[in-house]
Amino acid sequence: IAASLGLHATHFEYSYSVFGLNVGDSHDDGAATVSYPLDLQFGITDRFSLGLCLEPGRYIDSAGTHPNSFFIAGITPRFYLVNKDHFAWLLNADLGFSALRIGDVRSGSKVYDDSYVGGHFRLGTQVQVYFGNTFGINFGMKLAAHSMKWRDRAPEDPGLANLNYAAKLSTSGVQFQLGLQVKL
């Protein structure tokens, strides 16, 4: 169990069609993330483990205007540069699925929730220190990239369906993690 703080550059682009004309725009911004990863690992050898990361969290955009939540699930291989009884230093990767829901999206007088889905890739390093044989702490840093396409709007917005609306959110940045761990 851990807490993670991330700093990301964001790129948002959208397009739609009006009377056969394609209209679109894009903009760049920044965001911070706060998340709570749960990482389960299975040691295959002294130098390699494979696991699953489940990570709920939220974005804090530069304007702080939209409530949101995200969920990440990924496969996490680890290679241990040092793996001793009370200390480990490792390299890790994370490849998987990302989902984002942004609330309070306004279109005219109506308010909607937009959903985005896509993939992510993270590459990082982590240090683990154990106090005894079972309990320890970890500190890590990951470079992260996410690419999510707009999936739907709730409640349904019939105007968007008629406009052939499409959008994509891409982020890249760094995440810092501090957590507790248990070795079984």
# chains A, B, ... in the order shown; residues from 1 in each chain; ligands from 1
$ select_by_dssp --residues "chain A" --states "strand (DSSP E or B)" --output "ChimeraX atom specification"
/A:2-18,21-35,38-43,48-61,68-83,87-107,110-130,135-154,166-182
$ residues_around --residues "region 175-184 of chain A" --least-positions-apart "5" --cutoff "7 Å" --atoms "only C-alpha atoms" --output "list in words"
Ile1, Ala2, Ala3, Ser4, Leu5, Gly6, Leu7, Thr134, Phe135, Gly136, Ile137, Asn138, Phe139, Gly140, Met141, Lys142 and Leu143 of chain A
$ residues_around --residues "Ser17 (chain A)" --least-positions-apart "2" --cutoff "10 Å" --atoms "only C-alpha atoms" --output "list in words"
Ser15, Phe19, Gly20, Leu21, Asn22, Val23, Gly24, Leu160, Asn162, Leu163, Asn164, Tyr165 and Ala166 of chain A
$ closest_residue --among "A:Asp85, A:Asp94, A:Asp152, A:Asp113" --to "Val129 (chain A)" --atoms "only C-alpha atoms"
A:Asp85
$ select_by_dssp --residues "region 70-177 of chain A" --states "alpha helix (DSSP H)" --output "tab-separated table (two decimals) with N, CA, C and O atoms, in the first residue's frame"
chain	number	residue	atom	x	y	z
A	158	PRO	N	-27.04	13.72	-27.29
A	158	PRO	CA	-27.34	13.41	-28.69
A	158	PRO	C	-26.63	14.33	-29.67
A	158	PRO	O	-26.33	13.95	-30.79
A	159	GLY	N	-26.33	15.55	-29.25
A	159	GLY	CA	-25.63	16.48	-30.13
A	159	GLY	C	-24.25	15.98	-30.53
A	159	GLY	O	-23.83	16.12	-31.68
A	160	LEU	N	-23.54	15.35	-29.59
A	160	LEU	CA	-22.20	14.84	-29.91
A	160	LEU	C	-22.26	13.69	-30.89
A	160	LEU	O	-21.41	13.57	-31.77
A	161	ALA	N	-23.27	12.84	-30.76
A	161	ALA	CA	-23.40	11.70	-31.69
A	161	ALA	C	-23.59	12.20	-33.12
A	161	ALA	O	-23.05	11.63	-34.06
A	162	ASN	N	-24.34	13.27	-33.29
A	162	ASN	CA	-24.58	13.83	-34.62
A	162	ASN	C	-23.36	14.55	-35.19
A	162	ASN	O	-23.27	14.74	-36.39
A	163	LEU	N	-22.44	14.96	-34.33
A	163	LEU	CA	-21.26	15.70	-34.77
A	163	LEU	C	-20.04	14.82	-35.01
A	163	LEU	O	-18.98	15.31	-35.38
$ residues_around --residues "Arg122 (chain A)" --least-positions-apart "6" --cutoff "12 Å" --atoms "only C-alpha atoms" --output "MDAnalysis selection string"
chainID A and resid 6 53 72:78 91:98 140:147 171:176
$ write_last_selection --atoms "N, CA, C and O atoms" --output "tab-separated table (two decimals), in the first residue's frame"
chain	number	residue	atom	x	y	z
A	6	GLY	N	2.17	12.66	-8.69
A	6	GLY	CA	2.71	12.78	-10.04
A	6	GLY	C	2.59	14.20	-10.58
A	6	GLY	O	1.68	14.94	-10.22
A	53	CYS	N	-0.47	-4.30	-10.62
A	53	CYS	CA	-0.66	-3.03	-9.92
A	53	CYS	C	-2.09	-2.55	-10.18
A	53	CYS	O	-2.53	-2.49	-11.32
A	72	ILE	N	-6.00	2.71	-12.82
A	72	ILE	CA	-4.96	2.09	-13.63
A	72	ILE	C	-4.81	0.65	-13.18
A	72	ILE	O	-4.79	0.36	-11.98
A	73	ALA	N	-4.69	-0.26	-14.13
A	73	ALA	CA	-4.39	-1.66	-13.85
A	73	ALA	C	-3.28	-2.07	-14.81
A	73	ALA	O	-3.37	-1.80	-16.01
A	74	GLY	N	-2.23	-2.68	-14.27
A	74	GLY	CA	-1.13	-3.05	-15.14
A	74	GLY	C	-0.33	-4.24	-14.65
A	74	GLY	O	-0.34	-4.57	-13.46
A	75	ILE	N	0.36	-4.85	-15.58
A	75	ILE	CA	1.32	-5.92	-15.30
A	75	ILE	C	2.64	-5.25	-14.97
A	75	ILE	O	3.08	-4.35	-15.68
A	76	THR	N	3.30	-5.70	-13.89
A	76	THR	CA	4.50	-5.01	-13.40
A	76	THR	C	5.68	-5.97	-13.21
A	76	THR	O	5.86	-6.52	-12.13
A	77	PRO	N	6.49	-6.15	-14.22
A	77	PRO	CA	7.72	-6.93	-14.02
A	77	PRO	C	8.76	-6.08	-13.29
A	77	PRO	O	8.81	-4.85	-13.45
A	78	ARG	N	9.57	-6.75	-12.47
A	78	ARG	CA	10.64	-6.08	-11.73
A	78	ARG	C	11.94	-6.86	-11.88
A	78	ARG	O	11.95	-8.09	-11.82
A	91	LEU	N	14.55	-2.14	-10.68
A	91	LEU	CA	14.02	-1.45	-11.84
A	91	LEU	C	12.66	-2.07	-12.13
A	91	LEU	O	12.52	-3.29	-12.06
A	92	ASN	N	11.67	-1.24	-12.45
A	92	ASN	CA	10.34	-1.80	-12.72
A	92	ASN	C	9.71	-1.14	-13.93
A	92	ASN	O	10.05	-0.03	-14.32
A	93	ALA	N	8.81	-1.88	-14.53
A	93	ALA	CA	8.01	-1.39	-15.65
A	93	ALA	C	6.55	-1.65	-15.31
A	93	ALA	O	6.24	-2.43	-14.40
A	94	ASP	N	5.68	-0.98	-16.02
A	94	ASP	CA	4.25	-1.13	-15.78
A	94	ASP	C	3.55	-0.87	-17.11
A	94	ASP	O	3.69	0.21	-17.69
A	95	LEU	N	2.84	-1.85	-17.60
A	95	LEU	CA	2.14	-1.74	-18.87
A	95	LEU	C	0.70	-2.18	-18.65
A	95	LEU	O	0.47	-3.26	-18.12
A	96	GLY	N	-0.26	-1.32	-19.04
A	96	GLY	CA	-1.63	-1.74	-18.80
A	96	GLY	C	-2.68	-0.79	-19.30
A	96	GLY	O	-2.48	-0.04	-20.26
A	97	PHE	N	-3.80	-0.79	-18.58
A	97	PHE	CA	-5.05	-0.14	-18.95
A	97	PHE	C	-5.28	1.07	-18.05
A	97	PHE	O	-5.01	1.01	-16.85
A	98	SER	N	-5.80	2.17	-18.62
A	98	SER	CA	-6.15	3.37	-17.86
A	98	SER	C	-7.58	3.77	-18.17
A	98	SER	O	-8.01	3.70	-19.32
A	140	GLY	N	9.95	5.20	-4.51
A	140	GLY	CA	10.23	4.99	-5.91
A	140	GLY	C	9.93	6.20	-6.77
A	140	GLY	O	9.27	7.15	-6.34
A	141	MET	N	10.41	6.13	-7.99
A	141	MET	CA	10.16	7.16	-8.99
A	141	MET	C	9.89	6.47	-10.32
A	141	MET	O	10.57	5.50	-10.67
A	142	LYS	N	8.86	6.94	-11.05
A	142	LYS	CA	8.51	6.36	-12.34
A	142	LYS	C	8.31	7.46	-13.37
A	142	LYS	O	7.73	8.50	-13.06
A	143	LEU	N	8.77	7.21	-14.58
A	143	LEU	CA	8.39	8.03	-15.73
A	143	LEU	C	7.12	7.42	-16.28
A	143	LEU	O	7.04	6.19	-16.44
A	144	ALA	N	6.11	8.24	-16.54
A	144	ALA	CA	4.79	7.72	-16.91
A	144	ALA	C	4.28	8.36	-18.20
A	144	ALA	O	4.50	9.55	-18.43
A	145	ALA	N	3.59	7.57	-19.01
A	145	ALA	CA	2.93	8.06	-20.22
A	145	ALA	C	1.57	7.38	-20.32
A	145	ALA	O	1.45	6.17	-20.16
A	146	HIS	N	0.54	8.18	-20.59
A	146	HIS	CA	-0.83	7.69	-20.74
A	146	HIS	C	-1.41	8.23	-22.04
A	146	HIS	O	-1.14	9.37	-22.41
A	147	SER	N	-2.21	7.44	-22.70
A	147	SER	CA	-2.91	7.87	-23.91
A	147	SER	C	-4.33	7.31	-23.85
A	147	SER	O	-4.53	6.10	-23.92
A	171	THR	N	-0.83	12.17	-21.62
A	171	THR	CA	-0.06	12.77	-20.54
A	171	THR	C	1.32	12.12	-20.48
A	171	THR	O	1.49	10.97	-20.89
A	172	SER	N	2.28	12.87	-19.99
A	172	SER	CA	3.61	12.32	-19.72
A	172	SER	C	4.18	13.06	-18.53
A	172	SER	O	3.95	14.26	-18.37
A	173	GLY	N	4.88	12.33	-17.69
A	173	GLY	CA	5.42	12.98	-16.50
A	173	GLY	C	6.17	12.03	-15.61
A	173	GLY	O	6.61	10.95	-16.02
A	174	VAL	N	6.28	12.44	-14.36
A	174	VAL	CA	7.02	11.68	-13.37
A	174	VAL	C	6.15	11.49	-12.13
A	174	VAL	O	5.37	12.37	-11.77
A	175	GLN	N	6.25	10.31	-11.51
A	175	GLN	CA	5.52	9.99	-10.30
A	175	GLN	C	6.50	9.60	-9.20
A	175	GLN	O	7.46	8.87	-9.45
A	176	PHE	N	6.24	10.09	-7.99
A	176	PHE	CA	7.02	9.73	-6.81
A	176	PHE	C	6.12	8.95	-5.88
A	176	PHE	O	4.96	9.31	-5.68
$ residues_around --residues "His27 (chain A)" --least-positions-apart "6" --cutoff "7 Å" --atoms "only C-alpha atoms" --output "list in words"
His11, Phe12 and Glu13 of chain A
$ write_last_selection --atoms "N, CA, C and O atoms" --output "mmCIF file, in the first residue's frame"
data_model
loop_
_atom_site.group_PDB
_atom_site.id
_atom_site.type_symbol
_atom_site.label_atom_id
_atom_site.label_comp_id
_atom_site.auth_asym_id
_atom_site.auth_seq_id
_atom_site.Cartn_x
_atom_site.Cartn_y
_atom_site.Cartn_z
ATOM 1 N N HIS A 11 -1.759 16.863 -23.033
ATOM 2 C CA HIS A 11 -2.104 17.316 -24.378
ATOM 3 C C HIS A 11 -3.512 16.799 -24.672
ATOM 4 O O HIS A 11 -3.752 15.593 -24.632
ATOM 5 N N PHE A 12 -4.441 17.725 -24.941
ATOM 6 C CA PHE A 12 -5.826 17.371 -25.230
ATOM 7 C C PHE A 12 -6.156 17.832 -26.643
ATOM 8 O O PHE A 12 -5.867 18.965 -27.015
ATOM 9 N N GLU A 13 -6.745 16.937 -27.430
ATOM 10 C CA GLU A 13 -7.175 17.306 -28.775
ATOM 11 C C GLU A 13 -8.567 16.746 -29.017
ATOM 12 O O GLU A 13 -8.923 15.691 -28.495
#
$ closest_atom_pairs --of "region 56-158 of chain A" --to "region 28-48 of chain A" --cutoff "6 Å" --atoms "only C-alpha atoms" --output "tab-separated table"
residue	atom	partner	partner_atom	distance
A:Pro56	CA	A:Ser35	CA	5.7
A:Gly57	CA	A:Ser35	CA	3.8
A:Arg58	CA	A:Val34	CA	5.6
A:Tyr59	CA	A:Thr33	CA	4.5
A:Ile60	CA	A:Ala32	CA	5.1
A:Asp61	CA	A:Ala31	CA	4.5
A:Ser62	CA	A:Ala31	CA	5.8
A:Arg78	CA	A:Phe48	CA	5.6
A:Phe79	CA	A:Phe48	CA	4.8
A:Tyr80	CA	A:Arg47	CA	4.7
$ write_last_selection --atoms "all heavy atoms" --output "PDB file, in the first residue's frame"
ATOM      1  N   PRO A  56      -6.089   3.410  -7.953  1.00  0.00           N
ATOM      2  CA  PRO A  56      -7.095   4.475  -8.069  1.00  0.00           C
ATOM      3  C   PRO A  56      -6.453   5.824  -7.735  1.00  0.00           C
ATOM      4  O   PRO A  56      -5.488   5.898  -6.975  1.00  0.00           O
ATOM      5  CB  PRO A  56      -8.130   4.085  -7.013  1.00  0.00           C
ATOM      6  CG  PRO A  56      -7.342   3.364  -5.971  1.00  0.00           C
ATOM      7  CD  PRO A  56      -6.215   2.666  -6.712  1.00  0.00           C
ATOM      8  N   GLY A  57      -7.007   6.881  -8.319  1.00  0.00           N
ATOM      9  CA  GLY A  57      -6.489   8.207  -8.024  1.00  0.00           C
ATOM     10  C   GLY A  57      -7.308   9.288  -8.689  1.00  0.00           C
ATOM     11  O   GLY A  57      -8.411   9.046  -9.171  1.00  0.00           O
ATOM     12  N   ARG A  58      -6.718  10.505  -8.725  1.00  0.00           N
ATOM     13  CA  ARG A  58      -7.387  11.619  -9.376  1.00  0.00           C
ATOM     14  C   ARG A  58      -6.374  12.626  -9.903  1.00  0.00           C
ATOM     15  O   ARG A  58      -5.268  12.727  -9.384  1.00  0.00           O
ATOM     16  CB  ARG A  58      -8.399  12.285  -8.467  1.00  0.00           C
ATOM     17  CG  ARG A  58      -7.818  13.029  -7.308  1.00  0.00           C
ATOM     18  CD  ARG A  58      -8.941  13.568  -6.409  1.00  0.00           C
ATOM     19  NE  ARG A  58      -8.441  14.614  -5.552  1.00  0.00           N
ATOM     20  CZ  ARG A  58      -8.528  15.915  -5.808  1.00  0.00           C
ATOM     21  NH1 ARG A  58      -9.132  16.339  -6.882  1.00  0.00           N
ATOM     22  NH2 ARG A  58      -8.037  16.802  -4.972  1.00  0.00           N
ATOM     23  N   TYR A  59      -6.780  13.345 -10.947  1.00  0.00           N
ATOM     24  CA  TYR A  59      -6.000  14.435 -11.515  1.00  0.00           C
ATOM     25  C   TYR A  59      -6.400  15.736 -10.836  1.00  0.00           C
ATOM     26  O   TYR A  59      -7.565  15.947 -10.515  1.00  0.00           O
ATOM     27  CB  TYR A  59      -6.280  14.591 -13.023  1.00  0.00           C
ATOM     28  CG  TYR A  59      -5.467  13.690 -13.893  1.00  0.00           C
ATOM     29  CD1 TYR A  59      -5.940  12.439 -14.266  1.00  0.00           C
ATOM     30  CD2 TYR A  59      -4.216  14.077 -14.361  1.00  0.00           C
ATOM     31  CE1 TYR A  59      -5.203  11.603 -15.075  1.00  0.00           C
ATOM     32  CE2 TYR A  59      -3.467  13.255 -15.170  1.00  0.00           C
ATOM     33  CZ  TYR A  59      -3.966  12.021 -15.525  1.00  0.00           C
ATOM     34  OH  TYR A  59      -3.227  11.193 -16.329  1.00  0.00           O
ATOM     35  N   ILE A  60      -5.436  16.605 -10.658  1.00  0.00           N
ATOM     36  CA  ILE A  60      -5.694  17.969 -10.214  1.00  0.00           C
ATOM     37  C   ILE A  60      -5.215  18.852 -11.355  1.00  0.00           C
ATOM     38  O   ILE A  60      -4.008  19.029 -11.542  1.00  0.00           O
ATOM     39  CB  ILE A  60      -4.941  18.285  -8.912  1.00  0.00           C
ATOM     40  CG1 ILE A  60      -5.304  17.261  -7.832  1.00  0.00           C
ATOM     41  CG2 ILE A  60      -5.240  19.706  -8.455  1.00  0.00           C
ATOM     42  CD1 ILE A  60      -4.388  17.274  -6.637  1.00  0.00           C
ATOM     43  N   ASP A  61      -6.164  19.354 -12.186  1.00  0.00           N
ATOM     44  CA  ASP A  61      -5.759  20.154 -13.337  1.00  0.00           C
ATOM     45  C   ASP A  61      -5.346  21.553 -12.887  1.00  0.00           C
ATOM     46  O   ASP A  61      -5.566  21.948 -11.753  1.00  0.00           O
ATOM     47  CB  ASP A  61      -6.837  20.178 -14.422  1.00  0.00           C
ATOM     48  CG  ASP A  61      -8.122  20.854 -14.000  1.00  0.00           C
ATOM     49  OD1 ASP A  61      -8.137  21.534 -12.963  1.00  0.00           O
ATOM     50  OD2 ASP A  61      -9.116  20.704 -14.715  1.00  0.00           O
ATOM     51  N   SER A  62      -4.736  22.307 -13.797  1.00  0.00           N
ATOM     52  CA  SER A  62      -4.196  23.610 -13.429  1.00  0.00           C
ATOM     53  C   SER A  62      -5.283  24.568 -12.961  1.00  0.00           C
ATOM     54  O   SER A  62      -5.031  25.449 -12.151  1.00  0.00           O
ATOM     55  CB  SER A  62      -3.409  24.216 -14.591  1.00  0.00           C
ATOM     56  OG  SER A  62      -4.262  24.446 -15.689  1.00  0.00           O
ATOM     57  N   ARG A  78       9.569  -6.748 -12.470  1.00  0.00           N
ATOM     58  CA  ARG A  78      10.641  -6.078 -11.727  1.00  0.00           C
ATOM     59  C   ARG A  78      11.943  -6.858 -11.884  1.00  0.00           C
ATOM     60  O   ARG A  78      11.954  -8.086 -11.824  1.00  0.00           O
ATOM     61  CB  ARG A  78      10.321  -6.019 -10.237  1.00  0.00           C
ATOM     62  CG  ARG A  78       9.193  -5.108  -9.881  1.00  0.00           C
ATOM     63  CD  ARG A  78       8.971  -5.124  -8.394  1.00  0.00           C
ATOM     64  NE  ARG A  78       8.000  -4.117  -8.006  1.00  0.00           N
ATOM     65  CZ  ARG A  78       7.588  -3.964  -6.768  1.00  0.00           C
ATOM     66  NH1 ARG A  78       8.053  -4.738  -5.797  1.00  0.00           N
ATOM     67  NH2 ARG A  78       6.717  -3.026  -6.480  1.00  0.00           N
ATOM     68  N   PHE A  79      13.034  -6.095 -12.037  1.00  0.00           N
ATOM     69  CA  PHE A  79      14.374  -6.681 -12.047  1.00  0.00           C
ATOM     70  C   PHE A  79      15.132  -6.088 -10.866  1.00  0.00           C
ATOM     71  O   PHE A  79      15.257  -4.867 -10.737  1.00  0.00           O
ATOM     72  CB  PHE A  79      15.107  -6.376 -13.355  1.00  0.00           C
ATOM     73  CG  PHE A  79      16.507  -6.897 -13.356  1.00  0.00           C
ATOM     74  CD1 PHE A  79      16.757  -8.251 -13.491  1.00  0.00           C
ATOM     75  CD2 PHE A  79      17.578  -6.031 -13.184  1.00  0.00           C
ATOM     76  CE1 PHE A  79      18.054  -8.741 -13.459  1.00  0.00           C
ATOM     77  CE2 PHE A  79      18.875  -6.509 -13.153  1.00  0.00           C
ATOM     78  CZ  PHE A  79      19.113  -7.869 -13.298  1.00  0.00           C
ATOM     79  N   TYR A  80      15.650  -6.947  -9.991  1.00  0.00           N
ATOM     80  CA  TYR A  80      16.328  -6.518  -8.768  1.00  0.00           C
ATOM     81  C   TYR A  80      17.829  -6.377  -9.018  1.00  0.00           C
ATOM     82  O   TYR A  80      18.516  -7.362  -9.274  1.00  0.00           O
ATOM     83  CB  TYR A  80      16.064  -7.518  -7.643  1.00  0.00           C
ATOM     84  CG  TYR A  80      14.638  -7.499  -7.181  1.00  0.00           C
ATOM     85  CD1 TYR A  80      13.653  -8.193  -7.879  1.00  0.00           C
ATOM     86  CD2 TYR A  80      14.260  -6.763  -6.068  1.00  0.00           C
ATOM     87  CE1 TYR A  80      12.330  -8.158  -7.474  1.00  0.00           C
ATOM     88  CE2 TYR A  80      12.939  -6.726  -5.647  1.00  0.00           C
ATOM     89  CZ  TYR A  80      11.985  -7.420  -6.362  1.00  0.00           C
ATOM     90  OH  TYR A  80      10.669  -7.373  -5.961  1.00  0.00           O
TER      91      TYR A  80
END
$ atom_distance --atom1 "CA of Asp114 (chain A)" --atom2 "CA of Met148 (chain A)"
11.8 Å
